[in-house]
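Input: a single structure, listed below in structure tokens.
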Amino acid sequence: MEYTLFILLLPLTSFILLGLFGIKLSHKISGLIGTGSLLIMAQLSYVAAFSYFTTQRIDAVFQTVIPINVLWLKMGTNLHIDMGILLDPISVMMLVVISTVSLMVHIYSLGYMKGEKGFQRYYAFLSLFTFSMMGLVLSTNIFQMYIFWELVGVSSYLLIGFYYTKPSAVAAAKKAFIVTRFADMFFLIGILVLSYFTQTFDFGTLTSGDSSIFQQAISAQFLGTSALVWAMALIFIGGTGKSAMFPLHIWLPDAMEGPTPVSALIHAATMVVAGVYLVARLFPVYVLFTPEVLQGVAYVGAFTSMFAALIAMVQTDIKRVLAFSTISQIGFMMVALGVSKLEGHHGLGYMASMFHLYTHAMFKALLFLGAGSVIHAVHSNEMENMGGLRKHMPVTHLTFLIACLAIAGIPPFSGFFSKDEILSATYHFSTGMGIWMTVVAALTAFYMFRLYFSIFWGKEKQHAHTPHESPKSMTFPLVFLAIPTILGGLIPFGQFVTANRAPYAIHMNWMVAGVSVVVAVVAIFIASRLYQYPNKRTATVPTALRGFHKAASHRFYMDEVYLFITKKILFNGVSRVFAWFDRHVVDGFINGIASVTDWFSVRIRGFQSGEIQWYAWVFLFGTLLITALILFV
Amino acid sequence: MSYFDNFLIMCSEVSLLIVLLILLLFDITAGKRGKQYFQPVAILLFALHTLLNFVPTAAGEAFGGMYQYQPVMTIIKSILNVATLIIFLQSKHLFESIKMKSQQGEYYFLTLSTLLGMYLMISSGHLLLFFIGLETASIPLATLVAFNKHCKKSAEGGAKFILLSAFSSGILLFGISYLYGTTGSLYFSEIAPRMALNALQIMAFIFFLSGLFFKVSFVPFHLWTADVYEGAPSNVTSYLSVVSKGSAAFVLMTLLFKLFGSYVHEWQTLLFWIIIVTITLGNLFALRQQNIKRFLAFSSISQAGYVGLGIISGSTLGMTTVIYYILVYLFSNLAAFGVISAIENRTGKIEIADYNGLYQSNPKLSFVMMLAMFSLAGVAPFAGFMSKFFIFSSAAQQGFYLLVIVAVVNTIISLYYYLRVVKAMFINQNEQPIETINTDNWNKVSLVICTGAIILVGLLGFVLDIIEKQSFGL
């Protein structure tokens, strides 16, 4: 399956072409280059996925295929960094997800970004992102993954800050970059600790389940726990940065400053699930050797999903609602991984997490693209400028509704199946966790329908011109993505992606499913009472829940906490001390060295007199001196 | 083995000789119009020679062991070839003035003769052949230094070089005679086992090495370097600092391994101090220089000290890193000299202060110069960082921690003066910067090659692997 290399090369070529010559090409041609290469890449991904899932199964277990792996750098005797392509169920699944969403976003952007300044640059960056993301999921070793991980971060930075003349976009890009880089630092330390003890970066070796390579890492202790626990926890922190888990979630809502299709691609469907993918990739290590870290994953995920869902209930910017809902849904995936085990039925959580990753990518991309279509029509992100749009934008309305039903977990839409599996897995773990996540699911249904009703129902607002449906290039992706959103749940996912790679039949837990559907329907009903038609109750909600409402709309003051820590404590407190030390002690020392060096170099100038006799004399004297030294000392 | 087979083994020398003779004939027979094509013909022929001798063949020896061939020698010869080729590409400026035009043929001919001498030095298995190679490499070089007949400084440099070369050859010959006297042979393979630690042989050993230290310009045998580098035309200076020095460093290393293997403890102590003094003094002098060629002369002295770090380890890794260092140094230094020679030959300006504000008038040249300075200073991620890193680790592997620390501290000092040039070009203001220089296409090609190599060589992991496969240690 060497042709998978082209999955990486195509977007890279498109990036180089558009990056170098984009400015000379017309908008049309550059859009065509970007979209065309993506189209071919998507076809290749589908072919790869099809042939992988149909042929690479031995004794009912999927095998890892490594079509290409070349030595890139050798470090010491054992440690080496390779560059290659690894195909296994989760990476192949990601191929399908990324190429589908990316292709849709490319097509959508043809309409959405039409006439924008920097159109070619936009497509160049999109290609760069797709290349990096593909490289990330196909990595054969953790170091290669880290390299692409950073590249993904860079392209995300470039795309968030696409409108670089807008100060808020620049600030958001900077924030996203710094927060994720901060997490990446832990990731890198984790990689170094892990590789130092295990002497390998290779995923195949790390996840083989062989305990001998971890012997040293387990026996080495640091601050009361083993080095392996430290390493895996640090790597997970790296994952929380990209996946916007609490408390490193603060960059994602601000990242909505980027163009909306970018939010759909990067900040909903692909990059933000990189953390989930990372944990899934290293899952055998987590589950076999560091179950305590895995439990941490579950608790972080559970807390984040509730936290973000509460904030999403009161946001008024539609993209921010979707941003917090993304954080909350990724929390679901993390929880599912955290409660999973490796074998058989206990591995339900892993399967459910990957399943949800897949369905979520589809419906969340659809939601974002739908939101983009709405924003395109009314030129505003605020709910209060919307309302009653269902008559003007029938396609957007219908597809948005489908996606809302999916995320709320209403059968037979895709989200119902994946979310139900996650809930079953959490009940399996503990009843408390199950109830907690069911509450989050209910909140999800509520805030999504609050969003839906506020946009498409409610009172019609005055607009500068009558809103109209978006062009074909924008509605086509909506319709296309609606298909997996409706039917995706019917895929027998347990046959393809499982924790131990053996197939297993999904059993519906009717009890859990029934409860979750009932609470979702109730939540939707409440939302419809409040927001479907203009009424007095809408205004009473904020006053009834005063304290909570205020706190939640300020996102529980997390940004203020960060500001306090960075501005007050770091900049004013700690930095001052260091600045003093730097200026007086370090600089003093360096200046001292400089002046000593200077003094010497003046003194020895006479040495270089230009007289040849002197040169010869020094030569001879040097020779004799050395002889004497060797002979007599 | 037939007589003809002997020549097959030394095919690289033979093909170089053929190129040299064709060029000589061309220079004599061609008319005025034919001579216009002299540079392209020289470059193409030499490029052909480089390509033909690029792939190592099996090890062997010729003429009863006088000439010895090992695959690693092809690598170092190829490196020298590439360097010479780049210098040829950069040499067009030199013959733009009417005065110099008639000398074009001599330039290429003399340069290739010195290269032939270095080839023989590298592949010799006998001290006599070694000495002949050394002299063939030195004497035409003196003519090259004095090449600009109309410039006093050039003549002065040539005189200094030939006198001091003769002086150092004398001392080297003195060492050889003692070696012969005490061991009764001039073959490396026969001398090595007969080396004992007696006073006569130690004296021979040091006198012999002094001659080579002179070529590599280790302190205190370095004093000629600055004056000669300053006086010589820029292209010759770059040849001296890269090709001549690189070959000498390699020969020094192989001779220490082959001839004085039993003296390992002595030469490690010796090199230890020489390296410290060389790096430090080279740096201290470089700090104060105003003339960019003198500045690069001292920088090349301290760079030679870094090469010493690889030699001292005496291991396979040491040899690998030395060759790698020479390779990287070649591209970095020639990038710098490509810019300097273009500017010197067009405007005659050679002070660092003249470079103030160069970025405004010549952004591309400034960019190449900046990369070269970064690479020479060892700034990551350029090739110079990798080569320094590898050479430090080879020394650290053998336990020379103190040496590595001194070297690292010196790297920081060197950063100051390399960045001084960058600052002059990019930050310093100048009312009248050097006018925009339109370099010829050959020079552009050379600068592109160097720039690409500075960026890429460090990233391509296989380069080091290829060298490592052919290297050997004590």
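To be explicit about the labels: the chains of the structure tokens are called A, B, and onward in the order shown, and within each one the residues are counted from 1, while ligands get numbers from 1 in the order they are shown.
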
Q: When you get a sec, could you note down which chain A residues fall within 7 Å of chain B, using only C-alpha atoms, as a list in words?
A: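 Putting it all together, I get Trp72, Leu73, Thr597, Ser601, Gln608, Gly610, Ile612, Tyr615, Ala616, Val618, Phe619, Gly622, Thr623, Thr627 and Leu631 of chain A.
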
Non-local contacts of segment 367-383 of chain A (8 Å; only C-alpha atoms; under 3 positions in same chain excluded) as a PDB file with N, CA and C atoms, in the first residue's frame:
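Result written to out_2.pdb:
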ATOM      1  N   VAL A 105     -14.557  21.155   3.320  1.00  0.00           N
ATOM      2  CA  VAL A 105     -14.190  22.525   3.677  1.00  0.00           C
ATOM      3  C   VAL A 105     -13.546  23.229   2.492  1.00  0.00           C
ATOM      4  N   TYR A 108     -16.440  24.130   0.205  1.00  0.00           N
ATOM      5  CA  TYR A 108     -17.243  25.159   0.872  1.00  0.00           C
ATOM      6  C   TYR A 108     -16.555  26.519   0.780  1.00  0.00           C
ATOM      7  N   TYR A 112     -17.405  30.490   0.297  1.00  0.00           N
ATOM      8  CA  TYR A 112     -17.362  31.316   1.504  1.00  0.00           C
ATOM      9  C   TYR A 112     -16.288  32.385   1.424  1.00  0.00           C
ATOM     10  N   THR A 260     -14.784  30.767   9.283  1.00  0.00           N
ATOM     11  CA  THR A 260     -15.624  29.681   9.796  1.00  0.00           C
ATOM     12  C   THR A 260     -15.281  28.298   9.228  1.00  0.00           C
ATOM     13  N   PRO A 261     -15.003  28.150   7.927  1.00  0.00           N
ATOM     14  CA  PRO A 261     -14.642  26.816   7.440  1.00  0.00           C
ATOM     15  C   PRO A 261     -13.414  26.262   8.163  1.00  0.00           C
ATOM     16  N   SER A 263     -12.697  26.862  11.266  1.00  0.00           N
ATOM     17  CA  SER A 263     -13.182  26.354  12.546  1.00  0.00           C
ATOM     18  C   SER A 263     -13.767  24.969  12.361  1.00  0.00           C
ATOM     19  N   ALA A 264     -14.465  24.772  11.244  1.00  0.00           N
ATOM     20  CA  ALA A 264     -15.082  23.473  11.001  1.00  0.00           C
ATOM     21  C   ALA A 264     -14.026  22.395  10.853  1.00  0.00           C
ATOM     22  N   ALA A 268     -12.976  21.722  15.057  1.00  0.00           N
ATOM     23  CA  ALA A 268     -14.146  20.907  15.360  1.00  0.00           C
ATOM     24  C   ALA A 268     -13.887  19.451  15.029  1.00  0.00           C
ATOM     25  N   THR A 316     -23.771  33.687  23.583  1.00  0.00           N
ATOM     26  CA  THR A 316     -24.669  34.264  22.590  1.00  0.00           C
ATOM     27  C   THR A 316     -24.052  34.292  21.195  1.00  0.00           C
ATOM     28  N   ASP A 317     -22.750  34.143  21.120  1.00  0.00           N
ATOM     29  CA  ASP A 317     -22.090  34.067  19.821  1.00  0.00           C
ATOM     30  C   ASP A 317     -22.232  32.625  19.328  1.00  0.00           C
ATOM     31  N   ILE A 318     -22.838  32.429  18.136  1.00  0.00           N
ATOM     32  CA  ILE A 318     -23.170  31.046  17.762  1.00  0.00           C
ATOM     33  C   ILE A 318     -21.919  30.190  17.588  1.00  0.00           C
ATOM     34  N   LYS A 319     -20.822  30.784  17.114  1.00  0.00           N
ATOM     35  CA  LYS A 319     -19.614  29.975  16.955  1.00  0.00           C
ATOM     36  C   LYS A 319     -19.021  29.583  18.303  1.00  0.00           C
ATOM     37  N   LEU A 322     -20.816  26.632  19.606  1.00  0.00           N
ATOM     38  CA  LEU A 322     -20.304  25.421  18.971  1.00  0.00           C
ATOM     39  C   LEU A 322     -18.916  25.067  19.504  1.00  0.00           C
ATOM     40  N   PHE A 363     -20.872  15.497  12.132  1.00  0.00           N
ATOM     41  CA  PHE A 363     -21.958  16.433  12.445  1.00  0.00           C
ATOM     42  C   PHE A 363     -21.455  17.777  12.948  1.00  0.00           C
ATOM     43  N   LYS A 364     -20.284  17.787  13.581  1.00  0.00           N
ATOM     44  CA  LYS A 364     -19.793  19.082  14.044  1.00  0.00           C
ATOM     45  C   LYS A 364     -19.299  19.927  12.878  1.00  0.00           C
ATOM     46  N   MET A 386     -30.214  37.177  14.726  1.00  0.00           N
ATOM     47  CA  MET A 386     -30.779  36.117  13.901  1.00  0.00           C
ATOM     48  C   MET A 386     -32.215  35.851  14.346  1.00  0.00           C
ATOM     49  N   GLY A 387     -32.791  34.839  13.769  1.00  0.00           N
ATOM     50  CA  GLY A 387     -34.162  34.479  14.114  1.00  0.00           C
ATOM     51  C   GLY A 387     -34.998  34.370  12.865  1.00  0.00           C
ATOM     52  N   THR A 396     -29.850  25.088   4.542  1.00  0.00           N
ATOM     53  CA  THR A 396     -29.070  25.269   5.762  1.00  0.00           C
ATOM     54  C   THR A 396     -29.893  24.843   6.974  1.00  0.00           C
ATOM     55  N   HIS A 397     -31.144  25.272   6.985  1.00  0.00           N
ATOM     56  CA  HIS A 397     -32.004  24.961   8.113  1.00  0.00           C
ATOM     57  C   HIS A 397     -32.155  23.457   8.315  1.00  0.00           C
ATOM     58  N   THR A 399     -30.323  20.883   7.158  1.00  0.00           N
ATOM     59  CA  THR A 399     -29.089  20.160   7.506  1.00  0.00           C
ATOM     60  C   THR A 399     -28.669  20.490   8.931  1.00  0.00           C
ATOM     61  N   PHE A 400     -28.886  21.743   9.331  1.00  0.00           N
ATOM     62  CA  PHE A 400     -28.518  22.138  10.693  1.00  0.00           C
ATOM     63  C   PHE A 400     -29.372  21.372  11.702  1.00  0.00           C
ATOM     64  N   ALA A 403     -28.103  17.862  12.081  1.00  0.00           N
ATOM     65  CA  ALA A 403     -26.899  17.807  12.908  1.00  0.00           C
ATOM     66  C   ALA A 403     -27.248  18.007  14.372  1.00  0.00           C
ATOM     67  N   CYS A 404     -28.200  18.906  14.662  1.00  0.00           N
ATOM     68  CA  CYS A 404     -28.589  19.133  16.052  1.00  0.00           C
ATOM     69  C   CYS A 404     -29.213  17.879  16.646  1.00  0.00           C
ATOM     70  N   LEU A 451     -29.693  26.995  20.535  1.00  0.00           N
ATOM     71  CA  LEU A 451     -29.011  27.586  19.393  1.00  0.00           C
ATOM     72  C   LEU A 451     -29.887  27.498  18.145  1.00  0.00           C
ATOM     73  N   SER A 454     -32.976  29.693  18.291  1.00  0.00           N
ATOM     74  CA  SER A 454     -32.668  31.119  18.227  1.00  0.00           C
ATOM     75  C   SER A 454     -32.311  31.546  16.818  1.00  0.00           C
ATOM     76  N   ILE A 455     -31.678  30.638  16.066  1.00  0.00           N
ATOM     77  CA  ILE A 455     -31.283  31.031  14.718  1.00  0.00           C
ATOM     78  C   ILE A 455     -32.465  30.955  13.756  1.00  0.00           C
ATOM     79  N   HIS A 463     -32.969  43.124   8.811  1.00  0.00           N
ATOM     80  CA  HIS A 463     -31.640  42.990   8.227  1.00  0.00           C
ATOM     81  C   HIS A 463     -31.457  44.035   7.148  1.00  0.00           C
ATOM     82  N   PRO A 467     -32.034  37.997   4.028  1.00  0.00           N
ATOM     83  CA  PRO A 467     -31.088  36.876   3.983  1.00  0.00           C
ATOM     84  C   PRO A 467     -31.495  35.905   2.889  1.00  0.00           C
ATOM     85  N   HIS A 468     -30.501  35.302   2.249  1.00  0.00           N
ATOM     86  CA  HIS A 468     -30.816  34.359   1.173  1.00  0.00           C
ATOM     87  C   HIS A 468     -29.944  33.122   1.344  1.00  0.00           C
ATOM     88  N   GLU A 469     -30.383  32.072   0.689  1.00  0.00           N
ATOM     89  CA  GLU A 469     -29.624  30.827   0.794  1.00  0.00           C
ATOM     90  C   GLU A 469     -28.240  31.004   0.159  1.00  0.00           C
ATOM     91  N   SER A 470     -27.248  30.270   0.700  1.00  0.00           N
ATOM     92  CA  SER A 470     -25.878  30.394   0.211  1.00  0.00           C
ATOM     93  C   SER A 470     -25.736  29.712  -1.144  1.00  0.00           C
ATOM     94  N   MET A 474     -21.501  26.108  -1.276  1.00  0.00           N
ATOM     95  CA  MET A 474     -21.596  26.022   0.174  1.00  0.00           C
ATOM     96  C   MET A 474     -22.683  25.051   0.627  1.00  0.00           C
ATOM     97  N   LEU A 478     -22.896  20.858   2.829  1.00  0.00           N
ATOM     98  CA  LEU A 478     -23.860  20.648   3.911  1.00  0.00           C
ATOM     99  C   LEU A 478     -24.672  19.376   3.649  1.00  0.00           C
TER     100      LEU A 478
END

Q: Determine, counting only C-alpha atoms, which protein, DNA and RNA residues have an atom within 8 Å of an atom of Gly125 of chain B; residues of the same chain fewer than 5 positions away are not included. Present the result as a VMD selection string.
A: chain B and resid 65 to 68 130 187 to 189

Q: Considering only C-alpha atoms, state which residue in the set A:Gly238, A:Gly344, A:Pro259, A:Gly224 is at the smallest distance from Ile191 of chain A.
A: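 Ranked by minimum distance to Ile191 of chain A, first place goes to A:Gly238.
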
Q: May I have the residues within 9 Å of Ile189 of chain A as a ChimeraX atom specification, using only C-alpha atoms and disregarding those fewer than 5 positions away in the same chain?
A: /A:184,194,231,234-235

Q: Determine, counting only C-alpha atoms, which protein, DNA and RNA residues have an atom within 12 Å of an atom of Ser91 of chain B; residues of the same chain fewer than 2 positions away are not included. Present the result as a ChimeraX atom specification.
A: /B:38-40,42-43,84-89,93-96,100-101,104-105,107-108,111,233-239,334,337-342,344-345,439-444,446

Output for the residues just chosen: C-alpha atoms as a PDB file, in the first residue's frame:
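Dumped to result.pdb:
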ATOM      1  CA  PHE B  38      38.638  29.079 -20.859  1.00  0.00           C
ATOM      2  CA  GLN B  39      36.651  29.224 -17.622  1.00  0.00           C
ATOM      3  CA  PRO B  40      33.699  27.157 -18.854  1.00  0.00           C
ATOM      4  CA  ALA B  42      38.054  24.364 -17.139  1.00  0.00           C
ATOM      5  CA  ILE B  43      34.938  24.055 -15.023  1.00  0.00           C
ATOM      6  CA  THR B  84      37.898  23.540  -5.872  1.00  0.00           C
ATOM      7  CA  LEU B  85      35.007  23.441  -8.292  1.00  0.00           C
ATOM      8  CA  ILE B  86      33.100  26.005  -6.259  1.00  0.00           C
ATOM      9  CA  ILE B  87      36.184  28.224  -6.128  1.00  0.00           C
ATOM     10  CA  PHE B  88      36.512  27.972  -9.917  1.00  0.00           C
ATOM     11  CA  LEU B  89      32.885  29.008 -10.244  1.00  0.00           C
ATOM     12  CA  HIS B  93      35.614  38.252 -11.319  1.00  0.00           C
ATOM     13  CA  LEU B  94      39.310  37.841 -10.872  1.00  0.00           C
ATOM     14  CA  PHE B  95      40.012  38.162 -14.596  1.00  0.00           C
ATOM     15  CA  GLU B  96      37.738  41.032 -15.414  1.00  0.00           C
ATOM     16  CA  MET B 100      44.829  40.037 -15.051  1.00  0.00           C
ATOM     17  CA  LYS B 101      43.263  38.667 -18.211  1.00  0.00           C
ATOM     18  CA  GLN B 104      43.811  33.216 -16.520  1.00  0.00           C
ATOM     19  CA  GLY B 105      45.367  29.965 -17.744  1.00  0.00           C
ATOM     20  CA  TYR B 107      45.527  30.367 -12.360  1.00  0.00           C
ATOM     21  CA  TYR B 108      43.682  27.167 -13.193  1.00  0.00           C
ATOM     22  CA  THR B 111      45.543  25.518  -8.659  1.00  0.00           C
ATOM     23  CA  PRO B 233      43.366  37.439  -4.013  1.00  0.00           C
ATOM     24  CA  SER B 234      40.110  36.395  -2.328  1.00  0.00           C
ATOM     25  CA  ASN B 235      39.701  33.257  -4.408  1.00  0.00           C
ATOM     26  CA  VAL B 236      43.179  32.073  -3.491  1.00  0.00           C
ATOM     27  CA  THR B 237      42.479  32.875   0.147  1.00  0.00           C
ATOM     28  CA  SER B 238      39.408  30.707   0.038  1.00  0.00           C
ATOM     29  CA  TYR B 239      41.440  27.936  -1.576  1.00  0.00           C
ATOM     30  CA  LEU B 334      33.084  29.312   0.489  1.00  0.00           C
ATOM     31  CA  PHE B 337      34.271  33.983   0.322  1.00  0.00           C
ATOM     32  CA  GLY B 338      31.964  33.937  -2.683  1.00  0.00           C
ATOM     33  CA  VAL B 339      30.402  37.130  -1.388  1.00  0.00           C
ATOM     34  CA  ILE B 340      33.704  38.656  -0.333  1.00  0.00           C
ATOM     35  CA  SER B 341      35.431  37.936  -3.634  1.00  0.00           C
ATOM     36  CA  ALA B 342      32.521  39.350  -5.620  1.00  0.00           C
ATOM     37  CA  GLU B 344      36.486  42.781  -3.542  1.00  0.00           C
ATOM     38  CA  ASN B 345      36.932  42.178  -7.246  1.00  0.00           C
ATOM     39  CA  THR B 439      27.390  38.848  -9.877  1.00  0.00           C
ATOM     40  CA  ASP B 440      27.924  36.609 -12.863  1.00  0.00           C
ATOM     41  CA  ASN B 441      25.932  33.417 -13.298  1.00  0.00           C
ATOM     42  CA  TRP B 442      28.769  31.089 -12.343  1.00  0.00           C
ATOM     43  CA  ASN B 443      29.137  32.808  -9.014  1.00  0.00           C
ATOM     44  CA  LYS B 444      25.384  32.712  -8.501  1.00  0.00           C
ATOM     45  CA  SER B 446      28.206  28.567  -6.515  1.00  0.00           C
TER      46      SER B 446
END

Q) Do you have the atom CA of Lys364 of chain B-atom CA of Leu80 of chain B distance handy? A)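 Atom-to-atom, atom CA of Lys364 of chain B to atom CA of Leu80 of chain B, that is 26.5 Å.
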
Q.
I need the residues in segment 346-399 of chain A that are alpha helix (DSSP H) according to DSSP; give them as number ranges by chain.
A. A: 348-378, 394-399

Q: Mind the document's chain letters and residue numbers, and return as a list in words the residues of segment 34-238 of chain B that DSSP labels strand (DSSP E).
A: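 Checking each residue of segment 34-238 of chain B, the strand (DSSP E) ones are Gly60, Glu61, Ala62, Tyr67, Gln68 and Tyr69 of chain B.
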
(Q) I'd like the contact shell of Phe187 of chain A - 12 Å cut-off, only C-alpha atoms, skipping same-chain residues fewer than 5 positions apart - returned as a PyMOL selection string. (A) chain A and resi 142-143+145-147+149-150+180-182+192-194+230-242+275+278-279
